[in-house]
Every structure is written in C-alpha cells, then in structure tokens.
$ cat structure.cif   # mmCIF, C-alpha atoms
data_entry
loop_
_atom_site.label_atom_id
_atom_site.label_comp_id
_atom_site.auth_asym_id
_atom_site.auth_seq_id
_atom_site.Cartn_x
_atom_site.Cartn_y
_atom_site.Cartn_z
CA MET X 1 103.75 251.73 -14.03
CA SER X 2 100.18 252.34 -15.13
CA VAL X 3 98.28 251.13 -18.20
CA ILE X 4 95.10 252.57 -19.75
CA CYS X 5 93.11 250.40 -22.14
CA PRO X 6 89.58 249.36 -23.18
CA LYS X 7 87.79 246.70 -21.16
CA GLY X 8 87.47 243.13 -22.27
CA PRO X 9 84.41 241.02 -21.43
CA ASP X 10 83.77 240.95 -17.65
CA ASP X 11 86.90 243.02 -16.94
CA PRO X 12 86.94 245.25 -13.83
CA ASP X 13 87.44 249.02 -14.07
CA TYR X 14 90.77 248.70 -12.26
CA GLN X 15 93.15 245.94 -11.30
CA GLU X 16 96.76 245.53 -10.25
CA LEU X 17 98.87 242.77 -11.76
CA ASP X 18 102.53 242.27 -10.80
CA GLY X 19 102.77 245.86 -9.60
CA VAL X 20 101.20 247.31 -12.77
CA HIS X 21 98.12 249.48 -12.25
CA ILE X 22 95.59 248.86 -15.05
CA TYR X 23 92.77 251.35 -15.66
CA LYS X 24 90.06 250.28 -18.11
CA TYR X 25 87.15 251.96 -19.85
CA LYS X 26 84.12 250.57 -21.62
CA PRO X 27 84.94 250.34 -25.35
CA ALA X 28 83.10 252.48 -27.86
CA PRO X 29 80.32 250.93 -29.98
CA GLU X 30 81.48 249.22 -33.16
CA ALA X 31 82.34 251.86 -35.77
CA ARG X 32 80.31 252.09 -38.97
CA GLY X 33 81.49 254.48 -41.67
CA LEU X 34 83.45 257.71 -41.28
CA ALA X 35 81.12 259.17 -38.66
CA GLY X 36 81.34 255.99 -36.61
CA PHE X 37 85.14 256.03 -36.63
CA VAL X 38 85.20 259.71 -35.63
CA VAL X 39 82.89 258.97 -32.70
CA GLU X 40 85.01 255.96 -31.69
CA PHE X 41 88.27 257.91 -31.83
CA VAL X 42 86.90 260.91 -29.93
CA TYR X 43 85.27 258.71 -27.30
CA SER X 44 88.44 256.65 -26.76
CA TRP X 45 90.59 259.78 -26.63
CA LEU X 46 88.38 261.44 -24.02
CA ARG X 47 88.16 258.32 -21.86
CA THR X 48 91.93 257.87 -22.05
CA ALA X 49 92.51 261.54 -21.21
CA GLY X 50 90.22 261.28 -18.20
CA LEU X 51 91.93 258.18 -16.89
CA SER X 52 95.36 259.75 -17.44
CA LEU X 53 94.31 262.50 -15.00
CA LYS X 54 93.32 259.80 -12.52
CA VAL X 55 96.72 258.18 -12.91
CA TRP X 56 98.46 261.54 -12.43
CA ARG X 57 96.56 262.16 -9.20
CA ARG X 58 97.72 258.80 -7.89
CA GLN X 59 101.34 259.28 -8.95
CA ASN X 60 103.02 261.74 -11.31
CA PHE X 61 104.51 260.15 -14.42
CA THR X 62 107.35 261.34 -16.64
CA ILE X 63 106.87 259.23 -19.77
CA MET X 64 103.71 258.53 -21.74
CA GLN X 65 103.72 255.69 -24.26
CA ALA X 66 100.85 255.28 -26.70
CA CYS X 67 100.33 252.84 -29.55
CA ASN X 68 98.16 253.12 -32.63
CA PRO X 69 95.58 252.88 -34.12
CA PRO X 70 94.30 255.53 -33.91
CA ASP X 71 96.99 258.14 -34.52
CA THR X 72 95.31 260.65 -32.21
CA TYR X 73 97.12 260.37 -28.88
CA TRP X 74 99.82 262.84 -29.94
CA ALA X 75 97.30 265.55 -28.99
CA LEU X 76 97.07 264.14 -25.47
CA ALA X 77 100.86 263.91 -25.38
CA LEU X 78 101.09 267.62 -26.24
CA LEU X 79 98.90 268.45 -23.25
CA TRP X 80 101.02 266.35 -20.89
CA LYS X 81 104.18 267.87 -22.36
CA LEU X 82 103.20 271.02 -20.47
CA ARG X 83 103.85 269.00 -17.30
CA GLY X 84 107.23 267.78 -18.58
CA VAL X 85 106.01 264.37 -19.80
CA THR X 86 107.95 262.73 -22.64
CA PHE X 87 106.02 260.97 -25.42
CA VAL X 88 107.10 257.57 -26.78
CA PHE X 89 105.20 256.41 -29.86
CA ASP X 90 104.68 252.63 -30.01
CA HIS X 91 104.29 252.19 -33.78
CA HIS X 92 101.90 249.23 -34.23
CA ASP X 93 100.04 249.95 -37.47
CA LEU X 94 100.31 251.85 -40.73
CA ASN X 95 96.92 253.55 -40.90
CA PRO X 96 97.31 254.98 -44.43
CA GLU X 97 98.17 251.48 -45.70
CA LEU X 98 95.29 250.04 -43.71
CA PHE X 99 92.95 252.51 -45.43
CA ILE X 100 94.18 251.51 -48.90
CA SER X 101 94.04 247.81 -48.03
CA ARG X 102 90.38 248.10 -47.03
CA PHE X 103 89.07 250.70 -49.49
CA GLY X 104 91.58 250.83 -52.36
CA GLU X 105 93.34 253.91 -53.69
CA PRO X 106 91.19 256.97 -52.87
CA SER X 107 89.38 258.29 -55.93
CA SER X 108 86.41 260.27 -54.66
CA THR X 109 86.85 263.64 -52.98
CA LEU X 110 85.65 262.28 -49.64
CA LYS X 111 88.07 259.35 -49.70
CA LYS X 112 90.95 261.63 -50.66
CA VAL X 113 90.12 263.89 -47.72
CA GLU X 114 89.93 260.90 -45.37
CA TYR X 115 93.27 259.56 -46.60
CA ALA X 116 94.93 262.96 -46.32
CA GLY X 117 93.61 263.21 -42.77
CA LEU X 118 95.20 259.89 -41.85
CA ARG X 119 98.53 260.98 -43.31
CA TRP X 120 98.36 264.25 -41.32
CA LEU X 121 97.58 262.41 -38.07
CA GLU X 122 100.50 260.08 -38.72
CA ARG X 123 102.87 263.01 -39.33
CA MET X 124 101.76 264.71 -36.15
CA THR X 125 102.30 261.53 -34.14
CA PHE X 126 105.84 261.11 -35.46
CA LYS X 127 106.57 264.82 -34.95
CA THR X 128 105.36 264.88 -31.34
CA ALA X 129 107.18 261.75 -30.18
CA LYS X 130 110.57 261.94 -28.49
CA ARG X 131 111.31 258.36 -29.49
CA VAL X 132 109.60 255.83 -31.77
CA ILE X 133 109.37 252.09 -31.18
CA SER X 134 108.58 250.17 -34.39
CA THR X 135 107.56 246.54 -34.67
CA ASN X 136 109.91 245.69 -37.57
CA GLU X 137 112.42 247.14 -40.01
CA SER X 138 109.73 247.90 -42.59
CA TYR X 139 107.88 250.08 -40.09
CA LYS X 140 111.14 251.74 -39.05
CA ALA X 141 111.74 252.65 -42.71
CA VAL X 142 108.33 254.36 -42.77
CA ALA X 143 109.16 256.29 -39.59
CA VAL X 144 112.38 257.51 -41.17
CA ARG X 145 111.13 258.13 -44.72
CA ARG X 146 107.61 259.37 -44.09
CA GLY X 147 107.86 260.47 -40.47
CA GLY X 148 111.08 262.41 -40.86
CA ARG X 149 112.74 260.68 -37.90
CA LYS X 150 116.46 259.98 -37.66
CA PRO X 151 117.32 256.25 -37.62
CA ALA X 152 118.83 256.64 -34.13
CA GLU X 153 115.45 257.89 -32.87
CA VAL X 154 113.65 254.71 -33.95
CA THR X 155 114.14 251.39 -32.16
CA VAL X 156 112.84 248.11 -33.56
CA VAL X 157 111.14 245.96 -30.91
CA ARG X 158 109.56 242.93 -32.51
CA SER X 159 106.52 241.42 -30.80
CA GLY X 160 108.21 238.08 -30.30
CA PRO X 161 106.69 235.40 -28.08
CA ASP X 162 108.01 234.25 -24.72
CA THR X 163 109.08 230.83 -25.91
CA GLN X 164 109.60 229.53 -22.37
CA GLN X 165 105.88 229.99 -21.79
CA MET X 166 104.58 229.38 -25.33
CA ARG X 167 105.66 225.80 -26.01
CA PRO X 168 103.90 222.52 -26.81
CA VAL X 169 101.99 220.69 -24.09
CA TYR X 170 100.66 217.17 -24.18
CA PRO X 171 97.00 216.98 -25.28
CA SER X 172 94.19 217.56 -22.82
CA THR X 173 90.59 216.47 -23.11
CA VAL X 174 89.63 219.54 -25.20
CA ALA X 175 92.13 218.85 -27.93
CA THR X 176 90.75 217.66 -31.26
CA GLY X 177 88.09 215.39 -32.66
CA ASP X 178 88.47 211.98 -34.28
CA ARG X 179 89.92 213.15 -37.59
CA ARG X 180 93.51 212.39 -38.38
CA PHE X 181 94.73 215.91 -39.15
CA SER X 182 94.03 219.29 -37.62
CA LEU X 183 94.59 222.75 -39.12
CA ALA X 184 94.60 225.92 -37.01
CA TYR X 185 94.05 229.64 -37.52
CA LEU X 186 94.80 232.04 -34.67
CA GLY X 187 94.11 235.76 -34.82
CA ILE X 188 91.75 238.63 -35.45
CA MET X 189 88.91 238.13 -37.92
CA GLY X 190 88.66 241.51 -39.65
CA PRO X 191 88.17 242.47 -43.31
CA GLN X 192 91.93 242.66 -43.93
CA ASP X 193 92.82 239.35 -42.26
CA GLY X 194 91.71 237.00 -45.04
CA VAL X 195 90.04 234.45 -42.79
CA ASP X 196 87.48 233.76 -45.54
CA VAL X 197 90.39 232.22 -47.44
CA VAL X 198 90.58 229.51 -44.77
CA LEU X 199 87.00 228.56 -45.60
CA ASP X 200 87.83 228.55 -49.33
CA VAL X 201 90.79 226.27 -48.67
CA MET X 202 88.67 223.94 -46.54
CA GLU X 203 85.99 223.80 -49.25
CA GLU X 204 88.70 222.90 -51.77
CA LEU X 205 90.19 220.19 -49.55
CA VAL X 206 86.96 218.68 -48.24
CA HIS X 207 84.42 219.01 -51.05
CA ARG X 208 86.62 219.08 -54.15
CA ARG X 209 89.50 216.82 -53.11
CA GLY X 210 87.57 214.55 -50.77
CA ARG X 211 89.76 215.09 -47.71
CA ALA X 212 87.44 213.89 -44.98
CA ASP X 213 90.44 213.20 -42.73
CA LEU X 214 90.98 216.75 -41.52
CA GLU X 215 89.38 219.56 -39.57
CA ALA X 216 90.14 223.23 -38.96
CA THR X 217 89.89 225.21 -35.75
CA LEU X 218 89.59 229.00 -35.99
CA LEU X 219 90.63 230.72 -32.77
CA GLY X 220 89.75 234.39 -32.38
CA PHE X 221 87.10 236.98 -33.04
CA GLY X 222 86.55 240.24 -34.89
CA ASP X 223 84.24 242.26 -37.11
CA CYS X 224 83.80 239.39 -39.59
CA TYR X 225 83.16 236.65 -37.04
CA VAL X 226 79.39 236.39 -37.56
CA ASP X 227 79.66 236.58 -41.36
CA LEU X 228 82.36 233.90 -41.38
CA ARG X 229 80.23 231.51 -39.37
CA ALA X 230 77.31 232.07 -41.73
CA ARG X 231 79.51 231.45 -44.76
CA CYS X 232 80.90 228.30 -43.18
CA THR X 233 77.35 226.96 -42.97
CA GLN X 234 76.61 227.98 -46.57
CA LEU X 235 79.68 226.04 -47.74
CA GLY X 236 78.60 222.94 -45.87
CA LEU X 237 81.66 222.97 -43.62
CA ASP X 238 80.09 223.01 -40.15
CA ASP X 239 81.21 219.41 -39.55
CA TYR X 240 84.80 220.29 -40.45
CA VAL X 241 85.36 223.81 -39.08
CA THR X 242 85.15 224.89 -35.43
CA PHE X 243 85.01 228.53 -34.29
CA THR X 244 86.16 229.02 -30.69
CA GLY X 245 85.59 232.76 -30.35
CA ARG X 246 87.95 234.68 -28.07
CA ALA X 247 90.83 232.38 -27.10
CA ASP X 248 92.82 232.64 -23.88
CA LYS X 249 96.36 231.34 -23.35
CA ALA X 250 95.22 227.93 -22.17
CA MET X 251 92.96 227.41 -25.18
CA ILE X 252 95.71 228.54 -27.55
CA ALA X 253 98.15 226.09 -25.98
CA ASP X 254 95.65 223.24 -26.19
CA HIS X 255 94.82 223.73 -29.85
CA LEU X 256 98.20 224.75 -31.27
CA SER X 257 99.89 221.88 -29.47
CA VAL X 258 97.78 219.30 -31.30
CA ALA X 259 97.41 221.00 -34.69
CA ASP X 260 99.45 219.74 -37.64
CA VAL X 261 99.55 222.91 -39.77
CA GLY X 262 99.10 226.61 -39.01
CA LEU X 263 97.25 228.81 -41.50
CA CYS X 264 98.32 232.36 -42.45
CA PRO X 265 95.68 233.57 -44.94
CA ASP X 266 96.62 237.28 -44.90
CA LEU X 267 96.55 238.53 -48.49
CA LYS X 268 99.37 240.61 -49.96
CA THR X 269 98.19 244.19 -49.39
CA PRO X 270 100.13 247.42 -48.72
CA LEU X 271 99.56 246.83 -44.99
CA ASN X 272 99.95 243.06 -44.66
CA ASP X 273 103.09 242.87 -46.78
CA VAL X 274 105.14 244.92 -44.31
CA SER X 275 103.39 243.94 -41.06
CA THR X 276 104.64 241.31 -38.63
CA MET X 277 102.05 238.57 -38.20
CA ASN X 278 102.16 237.41 -34.60
CA LYS X 279 100.29 234.25 -35.52
CA THR X 280 103.28 233.06 -37.55
CA MET X 281 105.62 233.25 -34.56
CA GLU X 282 103.01 231.72 -32.25
CA TYR X 283 102.68 228.73 -34.57
CA MET X 284 106.46 228.44 -34.52
CA SER X 285 106.50 228.51 -30.72
CA TYR X 286 104.34 225.38 -30.70
CA ALA X 287 106.58 223.67 -33.29
CA LEU X 288 103.91 224.07 -35.92
CA PRO X 289 104.80 224.38 -39.63
CA SER X 290 102.55 226.77 -41.50
CA VAL X 291 101.38 227.87 -44.93
CA SER X 292 101.29 231.56 -45.85
CA PHE X 293 100.79 233.84 -48.78
CA ASP X 294 104.16 235.28 -49.74
CA LEU X 295 104.62 238.46 -47.66
CA VAL X 296 107.84 240.37 -47.05
CA GLU X 297 107.73 240.45 -43.25
CA THR X 298 106.28 236.95 -42.92
CA ARG X 299 109.43 235.68 -44.65
CA VAL X 300 111.49 237.63 -42.10
CA SER X 301 109.63 235.91 -39.26
CA GLY X 302 109.05 232.46 -40.68
CA GLY X 303 112.19 231.80 -42.70
CA ASP X 304 112.26 228.20 -43.90
CA SER X 305 109.65 227.00 -41.39
CA VAL X 306 106.81 228.24 -43.64
CA LEU X 307 105.62 227.19 -47.09
CA TYR X 308 104.90 230.32 -49.18
CA VAL X 309 102.40 230.50 -52.04
CA PRO X 310 101.27 233.34 -54.35
CA SER X 311 98.78 235.70 -52.74
CA GLY X 312 95.16 234.77 -53.34
CA ASP X 313 95.91 231.39 -54.95
CA VAL X 314 93.57 229.09 -53.01
CA GLY X 315 94.60 226.05 -55.04
CA ALA X 316 98.29 226.58 -54.30
CA PHE X 317 97.48 227.13 -50.63
CA ALA X 318 95.54 223.85 -50.52
CA ASP X 319 98.40 222.10 -52.35
CA ALA X 320 100.88 223.30 -49.71
CA VAL X 321 98.62 222.15 -46.87
CA GLU X 322 98.28 218.71 -48.47
CA ARG X 323 102.03 218.52 -49.02
CA LEU X 324 102.63 218.96 -45.30
CA LEU X 325 99.88 216.55 -44.29
CA ASP X 326 101.04 213.81 -46.65
CA ASP X 327 104.77 214.16 -45.97
CA PRO X 328 105.41 213.57 -42.26
CA GLU X 329 109.17 213.91 -42.65
CA LEU X 330 108.80 217.37 -44.17
CA ARG X 331 106.31 218.29 -41.46
CA ILE X 332 108.73 217.16 -38.74
CA ALA X 333 111.71 218.95 -40.27
CA MET X 334 109.81 222.23 -40.67
CA ALA X 335 108.35 221.99 -37.16
CA GLN X 336 111.83 221.50 -35.70
CA ARG X 337 113.18 224.46 -37.68
CA ALA X 338 110.23 226.57 -36.56
CA ARG X 339 110.82 225.92 -32.88
CA GLU X 340 114.59 226.42 -33.19
CA ARG X 341 114.23 229.69 -35.08
CA VAL X 342 111.62 231.24 -32.83
CA SER X 343 113.45 230.34 -29.62
CA THR X 344 116.89 231.52 -30.77
CA GLU X 345 116.12 234.49 -33.05
CA LEU X 346 112.62 235.76 -32.30
CA ASP X 347 112.17 235.25 -28.56
CA TRP X 348 110.85 238.17 -26.53
CA ARG X 349 113.89 238.48 -24.25
CA PRO X 350 116.27 240.23 -26.70
CA GLN X 351 113.33 242.38 -27.81
CA ALA X 352 112.65 243.28 -24.18
CA ALA X 353 116.28 244.33 -23.80
CA ALA X 354 115.92 246.72 -26.74
CA TYR X 355 112.67 248.05 -25.28
CA LEU X 356 114.17 248.66 -21.85
CA GLY X 357 117.14 250.32 -23.53
CA VAL X 358 114.85 253.07 -24.83
CA TYR X 359 113.62 253.83 -21.33
CA ALA X 360 117.09 253.62 -19.83
CA GLU X 361 118.22 256.25 -22.32
CA LEU X 362 115.24 258.54 -21.66
CA THR X 363 115.45 258.29 -17.88
CA GLY X 364 119.22 258.10 -17.49
CA ARG X 365 118.86 254.98 -15.36
CA THR X 366 120.82 251.76 -15.63
CA GLN X 367 119.08 249.16 -17.77
CA ALA X 368 117.60 246.30 -15.76
CA GLU X 369 119.01 242.81 -16.17
CA LEU X 370 116.70 240.26 -17.75
CA PRO X 371 116.49 236.61 -16.65
CA ASP X 372 118.31 234.07 -18.80
CA GLY X 373 115.91 232.96 -21.51
CA ARG X 374 117.61 229.59 -21.77
CA ARG X 375 116.55 228.58 -18.27
CA ASP X 376 113.97 225.78 -18.24
CA THR X 377 110.81 226.88 -16.44
CA GLY X 378 109.89 223.35 -15.35
CA GLN X 379 107.98 220.37 -16.63
CA THR X 380 104.46 221.78 -16.30
CA ASP X 381 102.69 225.04 -17.03
CA GLN X 382 100.61 227.09 -14.60
CA ARG X 383 97.60 224.83 -15.16
CA GLY X 384 99.52 221.66 -14.53
CA ARG X 385 99.76 220.52 -18.15
CA THR X 386 102.98 218.74 -19.02
CA TYR X 387 105.35 220.39 -21.48
CA VAL X 388 106.72 218.31 -24.32
CA PRO X 389 110.48 217.83 -23.59
CA LEU X 390 112.15 219.87 -26.30
CA ASP X 391 115.61 218.57 -25.43
CA ASP X 392 114.59 214.93 -25.99
CA ASP X 393 115.02 214.64 -29.75
CA VAL X 394 113.35 211.25 -30.04
CA GLU X 395 110.27 212.19 -28.03
CA PHE X 396 110.03 215.64 -29.65
CA GLU X 397 110.04 214.06 -33.12
CA ARG X 398 107.46 211.48 -32.06
CA PHE X 399 105.23 214.19 -30.68
CA ILE X 400 105.39 216.25 -33.88
CA ARG X 401 104.53 213.19 -35.95
CA GLU X 402 101.58 212.11 -33.80
CA ARG X 403 100.64 215.21 -31.76
CA SER X 404 99.54 212.86 -29.01
CA ALA X 405 100.33 211.98 -25.40
CA ARG X 406 103.26 209.72 -24.64
#

$ encode --input "structure.cif" --output "structure tokens"
Amino acid sequence: MSVICPKGPDDPDYQELDGVHIYKYKPAPEARGLAGFVVEFVYSWLRTAGLSLKVWRRQNFTIMQACNPPDTYWALALLWKLRGVTFVFDHHDLNPELFISRFGEPSSTLKKVEYAGLRWLERMTFKTAKRVISTNESYKAVAVRRGGRKPAEVTVVRSGPDTQQMRPVYPSTVATGDRRFSLAYLGIMGPQDGVDVVLDVMEELVHRRGRADLEATLLGFGDCYVDLRARCTQLGLDDYVTFTGRADKAMIADHLSVADVGLCPDLKTPLNDVSTMNKTMEYMSYALPSVSFDLVETRVSGGDSVLYVPSGDVGAFADAVERLLDDPELRIAMAQRARERVSTELDWRPQAAAYLGVYAELTGRTQAELPDGRRDTGQTDQRGRTYVPLDDDVEFERFIRERSAR
C-alpha cells in the first residue's frame, strides 16, 4: 500500500511505516481568495499526480482512493482508469456546505459561479467513483440524494478512535497548573470551527462570574491560530488560557487525561450540523464529559455523555460547563457513559471491518480478520505512562473525580 499526502513540519519526502510506503510533497502556500484556492488545488493535484506516477513505477496499483477537500482528484482517477485502476471516493467533507458556512448563501454573480463550480466538482467526483465511503449517515444521504449513488454503493465508515490506544493515563509532569479545574479544546482552528467561542466562554466564566479556579488548554492549530492568540490577550485571558499549537498523540493523552470538561464550540451551520466531530469521540475515549452546541451528528456520536446547548448561546454554554464543574457526581456519571459508549459503539474496529469489506468486494479477496478489540493492550502505553485501570470501578471513579495519580 502507498499513501500520497502533504508534508508536515520536518517530515521526510518518503518513509515506510508498518509496510506502508508514504510519499509526501511540500504543501502549497496558504490560500487567500478564489485565486489562492485555485493555485492551491492545481498545485496539490499536480504534485499528487506526479507522485502517483512514482508509485506506479515502483509497483502497479489497481485501486486509487482519494478523500476531499478538494473535489478535484476525480480527474486524476479518470486518467488512471485508462490503466484499469478503480476509484474509491473517501467522502470527508461537504464542500458546498463548507462554502455556505463560511460565506453565506451566494448572492453576487461571482459567488454563484464559485458555488456552482463546487457543486459540479462534487457531482463529477461521485460520478467517477466506483464506490463511496462516507463518514456518517448524513453524508451517505448526500451521496445518494445529490450524488445519484445507489445506497448499496455507499458504505458508512465512521472515523472512530482506537479506544485501546486512546484511553486515560495517569498525569505526567506536563499535565496542568495549580488551578482546580481544567477545560480542553482539541482540533483545527479554522473560521468554521468556532474556537473564538471558547474565549468568549472563558471571558464569561473568569471575568464576569469570577471563576479563578479554572484554566483552558487549546490543542491544535489552523488559519485562525494567530488571531485567536491575539484575541486571548485582548480579553485578558493569557493567565487562564494555554495554546499548545500542533499536538501529537502523547500531548493529547497528557492533557485530555487530566481535563475535567471537553469543549465542542462548533456552531450550527449547514456543514457542522451533519459532520462528525472527531474531538467529541476523542474526549469520550479519555472519559471526558463535554459541552457542545446542539448538532445533529454530535448527538449521534455523543449521546448522553454530552450536555447540549443552543447554538451560539455563550451564556448557556458557560452554564453547562459550570454545572459539570460544580456537580462531581454528574461529571463522573457522564464520564463513565462516555467511555462505555465510545468503546462499545464507536470504536474503530467495527468501522475497520466495514472499510475492509469495501476492498474485499472490489478485489474479490477474503476479508482479513481483525484482532479482538476487547483484548487489553497492557498496563502502559508506548511511552511508559500507566493506563488508568478501566475495569477497576472504584479507582476509575476516583480518577475521574480527581484526575490525579493514585
């Protein structure tokens, strides 16, 4: 198997991990305006096309899988179809909804043309694909209704976490400060992600309600990162809010293990309402209750392990956070439900089985057996940190209450 993707910081051009050949290209400059996005899409397409030739020279391939955004790789798939390559579309985003979420309903001629172009690219992607893999039932409905695909041609593969790897660990030295409570945000910091709401909530809690007993850690990066840090300073929250920048697995485990409440500030937009928020399930993996604006797919993921408030209501969001902080029994009950739900209903293993089923059907090969997800992976993670014993009810409850070492 080979993978083509943009480089991260300090990444090599090529590496092999667990038998997977990974080819990477330098990402395009940050897009600004329509011209910038066109340049980014064309650049990424050409670099991907070039690397696909390199992969072909190393070993012929029979299936090409591409995710979006952008919805442009169908054109590359058409070229490889001449060599008998089958295209699988990994449906990650709804670009027309993303456009409306960021710019509103198109009213000017230019915006209408841009929106129509996105719809055309989406149609071509659906039309070219042999099979479609969608991240949830809402996306599958779009593939059927708008993409003209038969339900049997669309398989839902949720991006669930590996709950044997993503699980609470006892605190390390980089955990939290001296304050009693810790809030956490994990994810991208783009215009549609609502991370500014976290700062509004912190201003409400700290400056208006006098909650000097809490802090917030924001893990991640994105287009709004610099602006968010500047706004944090303007609001006088630098002593209460920490930005980590890009977070690796170890950092995520450290911070989510000791946080008391996870924050899901994504506003109700045409895109967010039907998108699966990975952060919600990652909070759940670390037995972390969370607060979210009321979104259709977040309810599917979070169930009763999340407190839901009306979209955009900062006061209600702050109320829900305080409710969890001030009611340890509620916090414990929701944390336990979160961990139970994510490990039994949302774990990656059944999703992986569905994913492999698509390839078994396309190749005519027998589907590979997956390891038993119930098997305990041991008492420590790869960095030697000790896992919280999830089967010890007394210790698990104590940990959730205190988020501390034994």

$ atom_distance --input "structure.cif" --atom1 "CA of Ser311 in chain X" --atom2 "CA of Leu267 in chain X"
5.6 Å

$ atom_distance --input "structure.cif" --atom1 "CA of Tyr240 in chain X" --atom2 "CA of Ser285 in chain X"
25.2 Å

$ residues_around --input "structure.cif" --residues "Arg246 in chain X" --least-positions-apart "3" --cutoff "8 Å" --atoms "only C-alpha atoms" --output "short mmCIF file (atom, residue, chain, number, x, y, z; two decimals) with C-alpha atoms, in the coordinates of the input"
data_model
loop_
_atom_site.label_atom_id
_atom_site.label_comp_id
_atom_site.auth_asym_id
_atom_site.auth_seq_id
_atom_site.Cartn_x
_atom_site.Cartn_y
_atom_site.Cartn_z
CA LEU X 219 90.63 230.72 -32.77
CA GLY X 220 89.75 234.39 -32.38
CA PHE X 221 87.10 236.98 -33.04
#

$ residues_around --input "structure.cif" --residues "Pro6 in chain X" --least-positions-apart "5" --cutoff "6 Å" --atoms "all atoms listed in the file" --output "ChimeraX atom specification"
/X:24-27

$ residues_around --input "structure.cif" --residues "range 293-299 of chain X" --least-positions-apart "2" --cutoff "12 Å" --atoms "all atoms listed in the file" --output "ChimeraX atom specification"
/X:135-139,158,193-194,197-198,263-281,284,290-291,301-318,320

$ resolve_selection --input "structure.cif" --expression "the PyMOL selection byres ((chain X and resi 382) around 12)" --output "MDAnalysis selection string"
chainID X and resid 165:166 169 249:250 253 377:381 383:387

$ write_last_selection --input "structure.cif" --atoms "C-alpha atoms" --output "mmCIF file, in the coordinates of the input"
data_model
loop_
_atom_site.group_PDB
_atom_site.id
_atom_site.type_symbol
_atom_site.label_atom_id
_atom_site.label_comp_id
_atom_site.auth_asym_id
_atom_site.auth_seq_id
_atom_site.Cartn_x
_atom_site.Cartn_y
_atom_site.Cartn_z
ATOM 1 C CA GLN X 165 105.880 229.990 -21.790
ATOM 2 C CA MET X 166 104.580 229.380 -25.330
ATOM 3 C CA VAL X 169 101.990 220.690 -24.090
ATOM 4 C CA LYS X 249 96.360 231.340 -23.350
ATOM 5 C CA ALA X 250 95.220 227.930 -22.170
ATOM 6 C CA ALA X 253 98.150 226.090 -25.980
ATOM 7 C CA THR X 377 110.810 226.880 -16.440
ATOM 8 C CA GLY X 378 109.890 223.350 -15.350
ATOM 9 C CA GLN X 379 107.980 220.370 -16.630
ATOM 10 C CA THR X 380 104.460 221.780 -16.300
ATOM 11 C CA ASP X 381 102.690 225.040 -17.030
ATOM 12 C CA ARG X 383 97.600 224.830 -15.160
ATOM 13 C CA GLY X 384 99.520 221.660 -14.530
ATOM 14 C CA ARG X 385 99.760 220.520 -18.150
ATOM 15 C CA THR X 386 102.980 218.740 -19.020
ATOM 16 C CA TYR X 387 105.350 220.390 -21.480
#

$ atom_distance --input "structure.cif" --atom1 "CA of Val132 in chain X" --atom2 "CA of Val88 in chain X"
5.8 Å

$ closest_residue --input "structure.cif" --among "X:Val85, X:Ala287, X:Met334, X:Val258" --to "Met64 in chain X" --atoms "all atoms listed in the file"
X:Val85

$ residues_around --input "structure.cif" --residues "Gly357 in chain X" --least-positions-apart "3" --cutoff "12 Å" --atoms "only C-alpha atoms" --output "number ranges by chain"
X: 131, 133, 154-157, 350-354, 360-370

$ write_last_selection --input "structure.cif" --atoms "C-alpha atoms" --output "mmCIF file, in the frame of the given file"
data_model
loop_
_atom_site.group_PDB
_atom_site.id
_atom_site.type_symbol
_atom_site.label_atom_id
_atom_site.label_comp_id
_atom_site.auth_asym_id
_atom_site.auth_seq_id
_atom_site.Cartn_x
_atom_site.Cartn_y
_atom_site.Cartn_z
ATOM 1 C CA ARG X 131 111.310 258.360 -29.490
ATOM 2 C CA ILE X 133 109.370 252.090 -31.180
ATOM 3 C CA VAL X 154 113.650 254.710 -33.950
ATOM 4 C CA THR X 155 114.140 251.390 -32.160
ATOM 5 C CA VAL X 156 112.840 248.110 -33.560
ATOM 6 C CA VAL X 157 111.140 245.960 -30.910
ATOM 7 C CA PRO X 350 116.270 240.230 -26.700
ATOM 8 C CA GLN X 351 113.330 242.380 -27.810
ATOM 9 C CA ALA X 352 112.650 243.280 -24.180
ATOM 10 C CA ALA X 353 116.280 244.330 -23.800
ATOM 11 C CA ALA X 354 115.920 246.720 -26.740
ATOM 12 C CA ALA X 360 117.090 253.620 -19.830
ATOM 13 C CA GLU X 361 118.220 256.250 -22.320
ATOM 14 C CA LEU X 362 115.240 258.540 -21.660
ATOM 15 C CA THR X 363 115.450 258.290 -17.880
ATOM 16 C CA GLY X 364 119.220 258.100 -17.490
ATOM 17 C CA ARG X 365 118.860 254.980 -15.360
ATOM 18 C CA THR X 366 120.820 251.760 -15.630
ATOM 19 C CA GLN X 367 119.080 249.160 -17.770
ATOM 20 C CA ALA X 368 117.600 246.300 -15.760
ATOM 21 C CA GLU X 369 119.010 242.810 -16.170
ATOM 22 C CA LEU X 370 116.700 240.260 -17.750
#

$ resolve_selection --input "structure.cif" --expression "the PyMOL selection byres ((chain X and resi 108-117) around 12)" --output "PyMOL selection string"
chain X and resi 33-35+37-38+70-72+94-107+118-124

$ closest_residue --input "structure.cif" --among "X:Trp80, X:Phe126, X:Phe399, X:Phe61" --to "Pro328 in chain X" --atoms "all atoms listed in the file"
X:Phe399

$ resolve_selection --input "structure.cif" --expression "the PyMOL selection byres ((chain X and resi 228-234) around 12)" --output "ChimeraX atom specification"
/X:189-191,193-203,216,218,220-227,235-245
